[in-house]
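Here the structure is laid out as structure tokens; the discussion comes afterwards.
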Amino acid sequence: MTSLFDLNGKIALVTGGSRGMGRAIALGLADHGADVVIVSRKLENCETVAREVEQRGRHALALSGHMGRWDEIEAVVDSAYAHFGRLDILVNNAGMSPATASSLETPEKLVDAVLALNFKGPMRMSALVGTRMAAGDGGCIINISSAGSIRPTPEIVPYAGAKAALNAMTVAHAQEYAPKVRVNAVLPGSFRTDVAKHWPADKEATTPAVLRRFGEPDEIVTTILYLCSDHSGFTTGSMIRVDGGRP
């Protein structure tokens, strides 16, 4: 697998890369040769993952930034390019998925926060990085969407809507930054990450996934590696479900 998905010499940036799925993606990229920029709001958590990347013999850069705020996104991109000189891989993973009692009771502030982190932030990050990639040697952008974007339920209306917008952006950016930049989205189902600790105790037992369980963070890594590698050179503007066969 290491030779099949060889990322030696590549520079990757992973938002929300300090824990859960983002951490698994960052370490998976490092395991296959990439140097990694780890971004999240808490610098100390990013530094912990950066040390894990370095223990794998790769270079790492820990940066703090709120990925729902455009000024902080711009600062992160500038710092990453100043340090490494380029980015070859961008994984827009940072997000939030709060459940609400009903649409009527959902506060505007929550809707704005969900849209900012799950859609507006990735849009700005992709625009900044995608423009530079297209003007240089190219690269790939991977947006972490959600199965909820195509299977919405009433308690996640803001989140599902934001991720559906992210899907639309994926298709549009695949056109805008072609032919040098490939842009794809991964649609995960329920994964056993930090957020799963706050879910109801019976959630896994009642999952609609045909595999009848949650995914483990590592189980999304191979899809990411495929989309980052030259073996997916004819794949762009695509939505790939990794949801355990959710109907």
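Identifiers in the structure tokens: chain A, B, ... in order shown; residue index from 1 per chain; ligand index from 1 in order shown.
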
To test your reading of the structure, identify every residue in segment 29-241 of chain A that backbone DSSP assigns to strand (DSSP E), and report it as a ChimeraX atom specification. /A:35-40,60-64,89-92,139-144,181-188,239-241

Taking the DSSP secondary structure from the backbone, can you list the residues of segment 1-242 of chain A that are alpha helix (DSSP H), as JSON, numbers by chain? {"A": [20, 21, 22, 23, 24, 25, 26, 27, 28, 29, 30, 31, 43, 44, 45, 46, 47, 48, 49, 50, 51, 52, 53, 54, 55, 70, 71, 72, 73, 74, 75, 76, 77, 78, 79, 80, 81, 82, 83, 84, 108, 109, 110, 111, 112, 113, 114, 115, 121, 122, 123, 124, 125, 126, 127, 128, 129, 130, 131, 132, 133, 134, 135, 157, 158, 159, 160, 161, 162, 163, 164, 165, 166, 167, 168, 169, 170, 171, 172, 173, 174, 175, 176, 221, 222, 223, 224, 225, 226, 227, 228]}

Find the nearest atom pair between each residue of segment 55-155 of chain A and segment 175-183 of chain A for residues within 6 Å, count only C-alpha atoms, give distances in Å to one decimal, sort rows by chain and ascending number, and present the table as JSON lines.
{"residue": "A:Ala134", "atom": "CA", "partner": "A:Lys180", "partner_atom": "CA", "distance": 5.6}
{"residue": "A:Gly138", "atom": "CA", "partner": "A:Lys180", "partner_atom": "CA", "distance": 4.4}
{"residue": "A:Gly139", "atom": "CA", "partner": "A:Val181", "partner_atom": "CA", "distance": 4.9}
{"residue": "A:Cys140", "atom": "CA", "partner": "A:Arg182", "partner_atom": "CA", "distance": 4.7}
{"residue": "A:Ile141", "atom": "CA", "partner": "A:Val183", "partner_atom": "CA", "distance": 4.7}
{"residue": "A:Ile142", "atom": "CA", "partner": "A:Val183", "partner_atom": "CA", "distance": 5.9}

Which of these, A:Pro98, A:Arg41, A:Asp78, A:Arg213, has the shortest distance to Val195 of chain A once you count only C-alpha atoms? A:Pro98

Excluding segment 215-232 of chain A and residues on its chain fewer than 4 positions from it, collect all residues at most 6 Å away from it, counting only C-alpha atoms, and give them as a ChimeraX atom specification. /A:5,21,24-25,191-192

Spatial neighbours of segment 68-76 of chain A, 9 Å, only C-alpha atoms, chain gap at least 2 places, as a PyMOL selection string: chain A and resi 39+63-66+78-81+94-95+113-122+124-125+128

Which residues come within 12 Å of segment 154-163 of chain A, counting only C-alpha atoms, excluding same-chain residues fewer than 5 positions away, as a ChimeraX atom specification? /A:92-123,143-149,168-170,185-188,239

I'd like the neighbourhood of Arg58 of chain A as a PyMOL selection string, where a residue qualifies if any of its atoms comes within 9 Å (using only C-alpha atoms), though same-chain residues fewer than 3 positions away should be ignored. chain A and resi 30-31+33-36+53-55

Output N, CA and C atoms for every residue in the selection just made, as a compact mmCIF listing (two decimals), in the first residue's frame.
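Output file result.txt is given in full below:
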# COMPACT_ATOMS: atom_id res chain seq x y z
N ALA A 30 1.09 11.17 6.49
CA ALA A 30 2.50 11.11 6.91
C ALA A 30 3.06 9.70 6.74
N ASP A 31 2.27 8.70 7.07
CA ASP A 31 2.72 7.31 6.93
C ASP A 31 3.07 6.97 5.48
N GLY A 33 4.34 9.26 3.32
CA GLY A 33 5.42 10.09 2.82
C GLY A 33 5.20 11.58 2.80
N ALA A 34 3.99 12.06 3.11
CA ALA A 34 3.73 13.50 3.02
C ALA A 34 4.20 14.25 4.26
N ASP A 35 4.66 15.47 4.06
CA ASP A 35 4.84 16.41 5.17
C ASP A 35 3.48 17.07 5.40
N VAL A 36 3.18 17.41 6.66
CA VAL A 36 1.81 17.79 6.99
C VAL A 36 1.73 19.07 7.81
N VAL A 53 3.64 13.15 13.68
CA VAL A 53 4.07 13.17 12.27
C VAL A 53 5.59 13.10 12.19
N GLU A 54 6.26 13.89 13.02
CA GLU A 54 7.73 13.92 13.00
C GLU A 54 8.33 12.59 13.44
N GLN A 55 7.66 11.88 14.34
CA GLN A 55 8.12 10.56 14.75
C GLN A 55 8.08 9.56 13.60

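Counting from atom CA of Ser3 of chain A, the distance to atom CA of Arg56 of chain A is 16.1 Å.
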
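When the distance limit is 9 Å and only C-alpha atoms are what count, the residues near Gly17 of chain A, minus those fewer than 2 positions from it on the same chain, are Leu13, Val14, Thr15, Arg19, Gly20, Met21, Gly22, Arg23, Ala24, Ile25, Ala26, Val37, Ile38, Val39, Ser40, Asn45, Cys46, Val49, Asn93 and Ala94 of chain A.
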
Using only C-alpha atoms, which of the listed residues (A:Ala12, A:Ala50, A:Leu43, A:Leu27) sits closest to Val91 of chain A? A:Ala12

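The spacing separating atom CA of Met67 of chain A from atom CA of Lys203 of chain A amounts to 28.7 Å.
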